[in-house]
Amino acid sequence: MKDTGATIEFRNVRKEFGAFTALDNFCLEVGAGEFMTLLGPSGSGKTTALNALAGFIDVGQGDILIDGISIRQTPTEKRNIGMVFQSYSLFPHRNVLANVSFPLQMRKMHKAEVRQRSMKALEMVQLAELAQRMPHELSGGQKQRVAIARALVFEPRVLLMDEPLGALDLKLRESLQLELKALQKQIGSTVIFVTHDQGEALTLSDRIAVMDQGEIQQICTPQELYDQPASTFIANFIGSNNILRVGGADQHSIQVEGLGRIPLKPGTEKPYAVGLRPELIRRTESDGVPAMVEQTIFSGEAIRYIARTEDGTEILLVEPRHPGEAPLAAGQSIALGFDFENLIFLPK
Amino acid sequence: MIRKLLAFHFWLVVLFLLAPLIFLIPISLGESQFLEFPPKQLSLRWYREFFQQESWMEALSLSFRVGLGATALSVIIGTLASVALVRGNFPGRSILTALFIAPLIVPTVVLALGLYMVFLRWQLVDNTLALTLAHAVVALPYSILLVSSSLRSFDMTIERAARTMGAGPFKAFMLITTPHLAPSIFAASVLSFFASFDELIITLFVSGGQQTLPVRIWNDLSLKIDPTVPAAAVMLTAVSALLMLAGEMVRRRNEAHNQNSHNAEE
């Protein structure tokens, strides 16, 4: 892996559109060569952050730095940032090769070098043989590959991607994800990737910044985000989860709906709610929480059960499927086992 | 029954629209000194007359010069104004749009009178450049309407993409957006040219002694009537029809192109 990526820093950036605050005191530091994902629902400010970095919008307050140098006064064309858009944004009147050559032509490179580099970039996305096609003759996946080649051909130190796979179907999205990840490793650019798809974020990112209402809610590695979500909002947003309300508490234990009394480590505060991942619940013979199967959902590699405990709480559990073994039927009684250390204590 | 009625109606409308030509073409092909329908003898005498009389040729040349000038002004100003009107975000944008379109709606006589008064004050009557400017005012709405609508349909992120790749705002517009606008700019120039080429009323007011082709026809009609006028009119119509046809073909080709790209999307 080459070390060619730049560091990026947002410093207290604030951006308002009329009465709507798109970014509120937004701070983010991205390391050189890091793959950073901004994850959040629409309207959370992630695209605004990207547009501010690209120079499409002027930030109201705060500063943005690339390699420690403020770029607020630098126009878009001088920022040396590659960008891929959800809508592909290929130049409709230029063929594939001319699209990919464009950034190099803008840099006044020699014709021969432009051609050689453009073809190399197209080979990287496996589209060299379509170099003479026009954009309207390509499929969605091919278009986005051309757009990626075009954004990478001038070896920008920063690459921005605004929901680049959003318009593609699931299968294509998954294969392009892997391709993207491999390309980024190979090139070493710093990437800021915007998506509302949590699966995509988990697969691709070195770190994920979860955004909501113009602010970062949590920023950490995908594993940490999955294992230790900072709030109920994130615990619900990332993967599936059982969010269980917390009732009465004393110094040593709390009352959790569905699970009963749970011991509290000394010095720990009473959480707002408790999360329990459905794949971390197992069926036991006897010493678990008694429950009844309400619904069985077959989803290919796994079986999902919706069970109801005696106090009426709905609990989701996921089991890998064992071939030849019949899944439980609705109405069957089971006991739910779990480990205390797998419980996620959610402060809000 | 209804179908037959509709067909009848259709042909009636077509006949009504073509009636002037049905008379004009045979008259222009006559041999006689006077307007004669149907002509007793066919000849191209009056067409020859048209090209041999200096005053006709001068009028034709003036019409072309003013027409081309007005077209250039209309297309350049219209395209630039469209960029501001479509993409700008400033107060009074809709009022400005209405103002640009106004010459299409304001009665021509009123516009002509207004221009005449302004031109008198600044001593611009009988000035070819000023006449060109006056025609550009009438042609401008076509450019604004056509180019604006084409610009509105262009995805702004494509231009933004070009900006990220190192193209400045002007370069990005010229290299990336203009090719998309080209068909509508072509259509706008055809319409602008004819707005000027056909223009009579404003020209009568502000041209002083200068005669464009329509003014020459007009003056001829009020003095004497000889068949050079129908000959000129027929040629005027033929040129119009040809250019309109070219414009329509460009538009169709472009539409088919768009259709293709939509199909590829699906």
# chains A, B, ... in the order shown; residues from 1 in each chain; ligands from 1

$ select_by_dssp --residues "region 11-252 of chain B" --states "alpha helix (DSSP H)" --output "PyMOL selection string"
chain B and resi 11-28+45-52+54-87+93-101+108-121+128-152+156-164+169-172+178-197+201-206+213-223+228-252

$ residues_around --residues "region 161-168 of chain A" --least-positions-apart "6" --cutoff "10 Å" --atoms "only C-alpha atoms" --output "short mmCIF file (atom, residue, chain, number, x, y, z; two decimals) with N, CA, C and O atoms, in the first residue's frame"
data_model
loop_
_atom_site.label_atom_id
_atom_site.label_comp_id
_atom_site.auth_asym_id
_atom_site.auth_seq_id
_atom_site.Cartn_x
_atom_site.Cartn_y
_atom_site.Cartn_z
N THR A 37 -16.19 6.43 6.44
CA THR A 37 -17.56 6.47 5.94
C THR A 37 -18.41 7.39 6.80
O THR A 37 -18.34 7.33 8.03
N LEU A 38 -19.17 8.27 6.14
CA LEU A 38 -20.18 9.04 6.84
C LEU A 38 -21.50 8.31 6.64
O LEU A 38 -21.98 8.18 5.52
N LYS A 46 -24.56 14.46 5.86
CA LYS A 46 -23.36 13.80 5.33
C LYS A 46 -22.99 14.31 3.95
O LYS A 46 -21.82 14.57 3.67
N THR A 47 -23.99 14.51 3.08
CA THR A 47 -23.69 15.02 1.74
C THR A 47 -23.24 16.47 1.79
O THR A 47 -22.38 16.89 1.02
N LEU A 50 -19.62 16.54 2.45
CA LEU A 50 -18.88 16.17 1.25
C LEU A 50 -18.82 17.34 0.26
O LEU A 50 -17.77 17.65 -0.30
N ASN A 51 -19.99 18.00 0.07
CA ASN A 51 -20.05 19.12 -0.86
C ASN A 51 -19.20 20.29 -0.39
O ASN A 51 -18.63 21.02 -1.21
N GLY A 82 -10.78 13.81 -6.18
CA GLY A 82 -11.57 12.97 -7.08
C GLY A 82 -12.94 12.75 -6.47
O GLY A 82 -13.07 12.66 -5.25
N MET A 83 -13.98 12.72 -7.33
CA MET A 83 -15.31 12.54 -6.75
C MET A 83 -16.15 11.63 -7.62
O MET A 83 -16.15 11.72 -8.85
N VAL A 84 -16.91 10.74 -6.96
CA VAL A 84 -17.82 9.84 -7.65
C VAL A 84 -19.23 10.12 -7.12
O VAL A 84 -19.42 10.22 -5.91
N PHE A 85 -20.18 10.27 -8.04
CA PHE A 85 -21.54 10.64 -7.65
C PHE A 85 -22.50 9.47 -7.82
O PHE A 85 -22.27 8.57 -8.62
N GLN A 86 -23.61 9.53 -7.09
CA GLN A 86 -24.62 8.48 -7.22
C GLN A 86 -25.18 8.43 -8.64
O GLN A 86 -25.47 7.36 -9.17
N SER A 87 -25.32 9.61 -9.27
CA SER A 87 -25.93 9.67 -10.60
C SER A 87 -24.90 9.46 -11.72
O SER A 87 -25.16 9.84 -12.85
N TYR A 88 -23.76 8.88 -11.40
CA TYR A 88 -22.66 8.60 -12.34
C TYR A 88 -22.02 9.88 -12.88
O TYR A 88 -20.82 10.02 -12.87
N SER A 139 -24.25 -0.15 -19.10
CA SER A 139 -25.16 -0.48 -18.00
C SER A 139 -24.79 0.37 -16.78
O SER A 139 -23.73 1.01 -16.75
N GLY A 140 -25.65 0.36 -15.79
CA GLY A 140 -25.41 1.17 -14.59
C GLY A 140 -24.08 0.85 -13.92
O GLY A 140 -23.32 1.74 -13.57
N GLY A 141 -23.78 -0.44 -13.79
CA GLY A 141 -22.54 -0.84 -13.14
C GLY A 141 -21.32 -0.41 -13.93
O GLY A 141 -20.32 0.04 -13.37
N GLN A 144 -20.75 3.34 -13.53
CA GLN A 144 -20.11 3.73 -12.28
C GLN A 144 -18.64 3.32 -12.27
O GLN A 144 -17.82 4.00 -11.68
N ARG A 145 -18.31 2.23 -12.94
CA ARG A 145 -16.90 1.85 -13.05
C ARG A 145 -16.11 2.88 -13.82
O ARG A 145 -15.00 3.25 -13.45
N ALA A 147 -16.90 6.01 -14.04
CA ALA A 147 -16.82 7.18 -13.16
C ALA A 147 -15.70 7.02 -12.14
O ALA A 147 -14.98 7.97 -11.82
N ILE A 148 -15.54 5.80 -11.64
CA ILE A 148 -14.48 5.54 -10.66
C ILE A 148 -13.11 5.68 -11.32
O ILE A 148 -12.20 6.32 -10.79
N ALA A 151 -12.33 9.25 -11.75
CA ALA A 151 -12.00 9.96 -10.52
C ALA A 151 -10.60 9.57 -10.02
O ALA A 151 -9.99 10.31 -9.26
N GLU A 174 -22.71 -5.48 -4.14
CA GLU A 174 -21.78 -6.27 -3.32
C GLU A 174 -20.47 -6.53 -4.04
O GLU A 174 -19.39 -6.43 -3.44
N LEU A 176 -19.14 -4.71 -6.46
CA LEU A 176 -18.42 -3.44 -6.61
C LEU A 176 -17.80 -2.99 -5.29
O LEU A 176 -16.74 -2.36 -5.28
N GLN A 177 -18.46 -3.33 -4.19
CA GLN A 177 -17.91 -2.99 -2.87
C GLN A 177 -16.52 -3.58 -2.71
O GLN A 177 -15.57 -2.90 -2.32
N VAL A 191 -10.13 8.20 1.52
CA VAL A 191 -11.48 8.15 0.97
C VAL A 191 -12.49 8.64 2.00
O VAL A 191 -12.43 8.25 3.17
N ILE A 192 -13.40 9.51 1.57
CA ILE A 192 -14.59 9.78 2.38
C ILE A 192 -15.78 9.30 1.59
O ILE A 192 -16.01 9.72 0.45
N PHE A 193 -16.50 8.39 2.19
CA PHE A 193 -17.56 7.65 1.52
C PHE A 193 -18.87 7.96 2.24
O PHE A 193 -18.95 7.83 3.46
N VAL A 194 -19.87 8.39 1.48
CA VAL A 194 -21.15 8.73 2.10
C VAL A 194 -22.18 7.66 1.74
O VAL A 194 -22.29 7.28 0.58
N THR A 195 -22.87 7.15 2.73
CA THR A 195 -23.91 6.15 2.44
C THR A 195 -24.95 6.15 3.55
O THR A 195 -24.72 6.65 4.65
N HIS A 196 -26.14 5.62 3.23
CA HIS A 196 -27.11 5.39 4.29
C HIS A 196 -27.29 3.89 4.50
O HIS A 196 -28.15 3.44 5.24
N ASP A 197 -26.44 3.11 3.80
CA ASP A 197 -26.53 1.65 3.87
C ASP A 197 -25.52 1.14 4.90
O ASP A 197 -24.31 1.17 4.68
N GLU A 200 -23.04 -1.69 3.81
CA GLU A 200 -21.96 -1.18 2.98
C GLU A 200 -20.89 -0.51 3.85
O GLU A 200 -19.69 -0.71 3.65
#

$ closest_atom_pairs --of "chain A" --to "chain B" --cutoff "9 Å" --atoms "only C-alpha atoms" --output "CSV"
residue,atom,partner,partner_atom,distance
A:Ala54,CA,B:Thr164,CA,7.1
A:Gly55,CA,B:Thr164,CA,8.7
A:Phe56,CA,B:Arg160,CA,7.5
A:Pro75,CA,B:Gly168,CA,8.3
A:Thr76,CA,B:Thr164,CA,5.7
A:Glu77,CA,B:Gly166,CA,4.1
A:Lys78,CA,B:Gly166,CA,6.3
A:Arg79,CA,B:Thr164,CA,7.5
A:Asn80,CA,B:Thr164,CA,6.9
A:Ile81,CA,B:Thr164,CA,6.0
A:Gly82,CA,B:Thr164,CA,6.3
A:Met83,CA,B:Thr164,CA,6.7
A:Val84,CA,B:Ala161,CA,7.9
A:Phe85,CA,B:Thr157,CA,7.8
A:Ser87,CA,B:Thr157,CA,8.1
A:Tyr88,CA,B:Ile158,CA,8.3
A:Ser89,CA,B:Ile158,CA,4.6
A:Leu90,CA,B:Ile158,CA,6.5
A:Phe91,CA,B:Ile158,CA,6.5
A:Pro92,CA,B:His180,CA,8.1
A:His93,CA,B:Pro179,CA,6.8
A:Arg94,CA,B:Ile176,CA,8.9
A:Phe102,CA,B:Met165,CA,7.3
A:Pro103,CA,B:Met165,CA,4.7
A:Leu104,CA,B:Met165,CA,8.2
A:Met106,CA,B:Gly166,CA,5.7
A:Arg107,CA,B:Gly166,CA,7.1
A:Pro135,CA,B:Ser261,CA,8.0
A:His136,CA,B:Ser261,CA,4.4
A:Glu137,CA,B:Ala264,CA,5.9
A:Leu138,CA,B:Ala264,CA,6.7
A:Ser139,CA,B:Ala264,CA,6.6
A:Gly140,CA,B:Glu265,CA,6.9
A:Arg150,CA,B:Met165,CA,8.5
A:Ala151,CA,B:Met165,CA,7.5
A:Phe154,CA,B:Met165,CA,8.2

$ closest_residue --among "A:Arg11, A:Lys181, A:Lys111, A:Arg308" --to "Leu65 (chain A)" --atoms "only C-alpha atoms"
A:Arg11

$ residues_around --residues "Val206 (chain B)" --least-positions-apart "6" --cutoff "7 Å" --atoms "only C-alpha atoms" --output "PyMOL selection string"
chain B and resi 116+125-126+131

$ write_last_selection --atoms "all heavy atoms" --output "PDB file, in the first residue's frame"
ATOM      1  N   TYR B 116     -38.976  53.517 -31.389  1.00  0.00           N
ATOM      2  CA  TYR B 116     -38.880  54.686 -32.269  1.00  0.00           C
ATOM      3  C   TYR B 116     -38.541  55.926 -31.447  1.00  0.00           C
ATOM      4  O   TYR B 116     -37.663  56.707 -31.795  1.00  0.00           O
ATOM      5  CB  TYR B 116     -40.199  54.861 -33.004  1.00  0.00           C
ATOM      6  CG  TYR B 116     -40.208  56.026 -33.961  1.00  0.00           C
ATOM      7  CD1 TYR B 116     -39.242  56.129 -34.959  1.00  0.00           C
ATOM      8  CD2 TYR B 116     -41.193  57.006 -33.889  1.00  0.00           C
ATOM      9  CE1 TYR B 116     -39.246  57.194 -35.846  1.00  0.00           C
ATOM     10  CE2 TYR B 116     -41.205  58.072 -34.774  1.00  0.00           C
ATOM     11  CZ  TYR B 116     -40.233  58.160 -35.758  1.00  0.00           C
ATOM     12  OH  TYR B 116     -40.236  59.220 -36.628  1.00  0.00           O
ATOM     13  N   VAL B 125     -32.149  56.427 -35.550  1.00  0.00           N
ATOM     14  CA  VAL B 125     -32.970  56.054 -36.703  1.00  0.00           C
ATOM     15  C   VAL B 125     -32.076  56.048 -37.938  1.00  0.00           C
ATOM     16  O   VAL B 125     -31.148  56.849 -38.043  1.00  0.00           O
ATOM     17  CB  VAL B 125     -34.125  57.067 -36.860  1.00  0.00           C
ATOM     18  CG1 VAL B 125     -34.950  56.745 -38.098  1.00  0.00           C
ATOM     19  CG2 VAL B 125     -35.004  57.053 -35.625  1.00  0.00           C
ATOM     20  N   ASP B 126     -32.368  55.124 -38.846  1.00  0.00           N
ATOM     21  CA  ASP B 126     -31.585  54.998 -40.066  1.00  0.00           C
ATOM     22  C   ASP B 126     -30.150  54.545 -39.769  1.00  0.00           C
ATOM     23  O   ASP B 126     -29.195  54.997 -40.373  1.00  0.00           O
ATOM     24  CB  ASP B 126     -31.572  56.329 -40.844  1.00  0.00           C
ATOM     25  CG  ASP B 126     -31.258  56.074 -42.316  1.00  0.00           C
ATOM     26  OD1 ASP B 126     -31.121  54.895 -42.690  1.00  0.00           O
ATOM     27  OD2 ASP B 126     -31.154  57.048 -43.063  1.00  0.00           O
ATOM     28  N   LEU B 131     -30.796  49.085 -35.867  1.00  0.00           N
ATOM     29  CA  LEU B 131     -31.871  48.233 -36.377  1.00  0.00           C
ATOM     30  C   LEU B 131     -31.625  46.784 -35.958  1.00  0.00           C
ATOM     31  O   LEU B 131     -32.535  46.066 -35.532  1.00  0.00           O
ATOM     32  CB  LEU B 131     -31.931  48.349 -37.906  1.00  0.00           C
ATOM     33  CG  LEU B 131     -33.011  47.511 -38.596  1.00  0.00           C
ATOM     34  CD1 LEU B 131     -34.393  47.962 -38.150  1.00  0.00           C
ATOM     35  CD2 LEU B 131     -32.891  47.601 -40.114  1.00  0.00           C
TER      36      LEU B 131
END

$ decode --residues "region 122-152 of chain A" --atoms "N, CA and C atoms" --output "PDB file, in the first residue's frame"
ATOM      1  N   LEU A 122      -8.715   2.410 -17.037  1.00  0.00           N
ATOM      2  CA  LEU A 122      -9.844   1.604 -17.494  1.00  0.00           C
ATOM      3  C   LEU A 122      -9.575   0.121 -17.269  1.00  0.00           C
ATOM      4  N   GLU A 123      -8.307  -0.281 -17.419  1.00  0.00           N
ATOM      5  CA  GLU A 123      -7.959  -1.673 -17.142  1.00  0.00           C
ATOM      6  C   GLU A 123      -8.181  -2.014 -15.671  1.00  0.00           C
ATOM      7  N   MET A 124      -7.894  -1.020 -14.828  1.00  0.00           N
ATOM      8  CA  MET A 124      -8.067  -1.236 -13.388  1.00  0.00           C
ATOM      9  C   MET A 124      -9.515  -1.579 -13.046  1.00  0.00           C
ATOM     10  N   VAL A 125     -10.465  -0.977 -13.771  1.00  0.00           N
ATOM     11  CA  VAL A 125     -11.878  -1.294 -13.516  1.00  0.00           C
ATOM     12  C   VAL A 125     -12.414  -2.282 -14.556  1.00  0.00           C
ATOM     13  N   GLN A 126     -11.506  -2.918 -15.287  1.00  0.00           N
ATOM     14  CA  GLN A 126     -11.834  -3.972 -16.256  1.00  0.00           C
ATOM     15  C   GLN A 126     -12.786  -3.525 -17.352  1.00  0.00           C
ATOM     16  N   LEU A 127     -12.555  -2.314 -17.872  1.00  0.00           N
ATOM     17  CA  LEU A 127     -13.437  -1.827 -18.930  1.00  0.00           C
ATOM     18  C   LEU A 127     -12.659  -1.375 -20.159  1.00  0.00           C
ATOM     19  N   ALA A 128     -11.389  -1.819 -20.263  1.00  0.00           N
ATOM     20  CA  ALA A 128     -10.547  -1.341 -21.360  1.00  0.00           C
ATOM     21  C   ALA A 128     -11.200  -1.603 -22.712  1.00  0.00           C
ATOM     22  N   GLU A 129     -11.928  -2.703 -22.841  1.00  0.00           N
ATOM     23  CA  GLU A 129     -12.475  -3.046 -24.162  1.00  0.00           C
ATOM     24  C   GLU A 129     -13.692  -2.199 -24.537  1.00  0.00           C
ATOM     25  N   LEU A 130     -14.219  -1.413 -23.556  1.00  0.00           N
ATOM     26  CA  LEU A 130     -15.376  -0.562 -23.861  1.00  0.00           C
ATOM     27  C   LEU A 130     -14.971   0.898 -24.063  1.00  0.00           C
ATOM     28  N   ALA A 131     -13.671   1.135 -24.276  1.00  0.00           N
ATOM     29  CA  ALA A 131     -13.154   2.506 -24.311  1.00  0.00           C
ATOM     30  C   ALA A 131     -13.859   3.394 -25.334  1.00  0.00           C
ATOM     31  N   GLN A 132     -14.329   2.821 -26.434  1.00  0.00           N
ATOM     32  CA  GLN A 132     -14.914   3.644 -27.498  1.00  0.00           C
ATOM     33  C   GLN A 132     -16.436   3.798 -27.364  1.00  0.00           C
ATOM     34  N   ARG A 133     -17.020   3.149 -26.357  1.00  0.00           N
ATOM     35  CA  ARG A 133     -18.486   3.248 -26.204  1.00  0.00           C
ATOM     36  C   ARG A 133     -18.899   4.627 -25.717  1.00  0.00           C
ATOM     37  N   MET A 134     -20.150   4.993 -26.007  1.00  0.00           N
ATOM     38  CA  MET A 134     -20.712   6.216 -25.447  1.00  0.00           C
ATOM     39  C   MET A 134     -21.398   5.863 -24.118  1.00  0.00           C
ATOM     40  N   PRO A 135     -21.480   6.833 -23.194  1.00  0.00           N
ATOM     41  CA  PRO A 135     -22.072   6.532 -21.879  1.00  0.00           C
ATOM     42  C   PRO A 135     -23.467   5.901 -21.961  1.00  0.00           C
ATOM     43  N   HIS A 136     -24.296   6.346 -22.927  1.00  0.00           N
ATOM     44  CA  HIS A 136     -25.659   5.803 -22.949  1.00  0.00           C
ATOM     45  C   HIS A 136     -25.711   4.361 -23.433  1.00  0.00           C
ATOM     46  N   GLU A 137     -24.548   3.836 -23.867  1.00  0.00           N
ATOM     47  CA  GLU A 137     -24.515   2.434 -24.286  1.00  0.00           C
ATOM     48  C   GLU A 137     -24.055   1.505 -23.157  1.00  0.00           C
ATOM     49  N   LEU A 138     -23.861   2.059 -21.950  1.00  0.00           N
ATOM     50  CA  LEU A 138     -23.343   1.253 -20.841  1.00  0.00           C
ATOM     51  C   LEU A 138     -24.438   0.920 -19.843  1.00  0.00           C
ATOM     52  N   SER A 139     -24.250  -0.152 -19.096  1.00  0.00           N
ATOM     53  CA  SER A 139     -25.160  -0.478 -17.999  1.00  0.00           C
ATOM     54  C   SER A 139     -24.793   0.367 -16.784  1.00  0.00           C
ATOM     55  N   GLY A 140     -25.653   0.364 -15.785  1.00  0.00           N
ATOM     56  CA  GLY A 140     -25.414   1.170 -14.589  1.00  0.00           C
ATOM     57  C   GLY A 140     -24.082   0.850 -13.924  1.00  0.00           C
ATOM     58  N   GLY A 141     -23.781  -0.444 -13.791  1.00  0.00           N
ATOM     59  CA  GLY A 141     -22.542  -0.843 -13.137  1.00  0.00           C
ATOM     60  C   GLY A 141     -21.319  -0.415 -13.935  1.00  0.00           C
ATOM     61  N   GLN A 142     -21.422  -0.529 -15.265  1.00  0.00           N
ATOM     62  CA  GLN A 142     -20.302  -0.107 -16.120  1.00  0.00           C
ATOM     63  C   GLN A 142     -20.107   1.398 -16.033  1.00  0.00           C
ATOM     64  N   LYS A 143     -21.226   2.138 -16.016  1.00  0.00           N
ATOM     65  CA  LYS A 143     -21.127   3.597 -15.907  1.00  0.00           C
ATOM     66  C   LYS A 143     -20.376   3.988 -14.644  1.00  0.00           C
ATOM     67  N   GLN A 144     -20.747   3.339 -13.533  1.00  0.00           N
ATOM     68  CA  GLN A 144     -20.110   3.731 -12.281  1.00  0.00           C
ATOM     69  C   GLN A 144     -18.639   3.321 -12.272  1.00  0.00           C
ATOM     70  N   ARG A 145     -18.307   2.230 -12.945  1.00  0.00           N
ATOM     71  CA  ARG A 145     -16.896   1.847 -13.045  1.00  0.00           C
ATOM     72  C   ARG A 145     -16.109   2.885 -13.821  1.00  0.00           C
ATOM     73  N   VAL A 146     -16.708   3.391 -14.916  1.00  0.00           N
ATOM     74  CA  VAL A 146     -16.048   4.454 -15.689  1.00  0.00           C
ATOM     75  C   VAL A 146     -15.860   5.680 -14.803  1.00  0.00           C
ATOM     76  N   ALA A 147     -16.903   6.006 -14.035  1.00  0.00           N
ATOM     77  CA  ALA A 147     -16.822   7.185 -13.160  1.00  0.00           C
ATOM     78  C   ALA A 147     -15.703   7.018 -12.136  1.00  0.00           C
ATOM     79  N   ILE A 148     -15.542   5.795 -11.637  1.00  0.00           N
ATOM     80  CA  ILE A 148     -14.479   5.538 -10.658  1.00  0.00           C
ATOM     81  C   ILE A 148     -13.105   5.681 -11.318  1.00  0.00           C
ATOM     82  N   ALA A 149     -12.970   5.111 -12.524  1.00  0.00           N
ATOM     83  CA  ALA A 149     -11.698   5.232 -13.249  1.00  0.00           C
ATOM     84  C   ALA A 149     -11.385   6.703 -13.501  1.00  0.00           C
ATOM     85  N   ARG A 150     -12.413   7.474 -13.859  1.00  0.00           N
ATOM     86  CA  ARG A 150     -12.230   8.890 -14.164  1.00  0.00           C
ATOM     87  C   ARG A 150     -11.811   9.679 -12.920  1.00  0.00           C
ATOM     88  N   ALA A 151     -12.333   9.250 -11.753  1.00  0.00           N
ATOM     89  CA  ALA A 151     -11.996   9.957 -10.520  1.00  0.00           C
ATOM     90  C   ALA A 151     -10.601   9.572 -10.020  1.00  0.00           C
ATOM     91  N   LEU A 152     -10.109   8.404 -10.445  1.00  0.00           N
ATOM     92  CA  LEU A 152      -8.819   7.932  -9.936  1.00  0.00           C
ATOM     93  C   LEU A 152      -7.665   8.193 -10.885  1.00  0.00           C
TER      94      LEU A 152
END
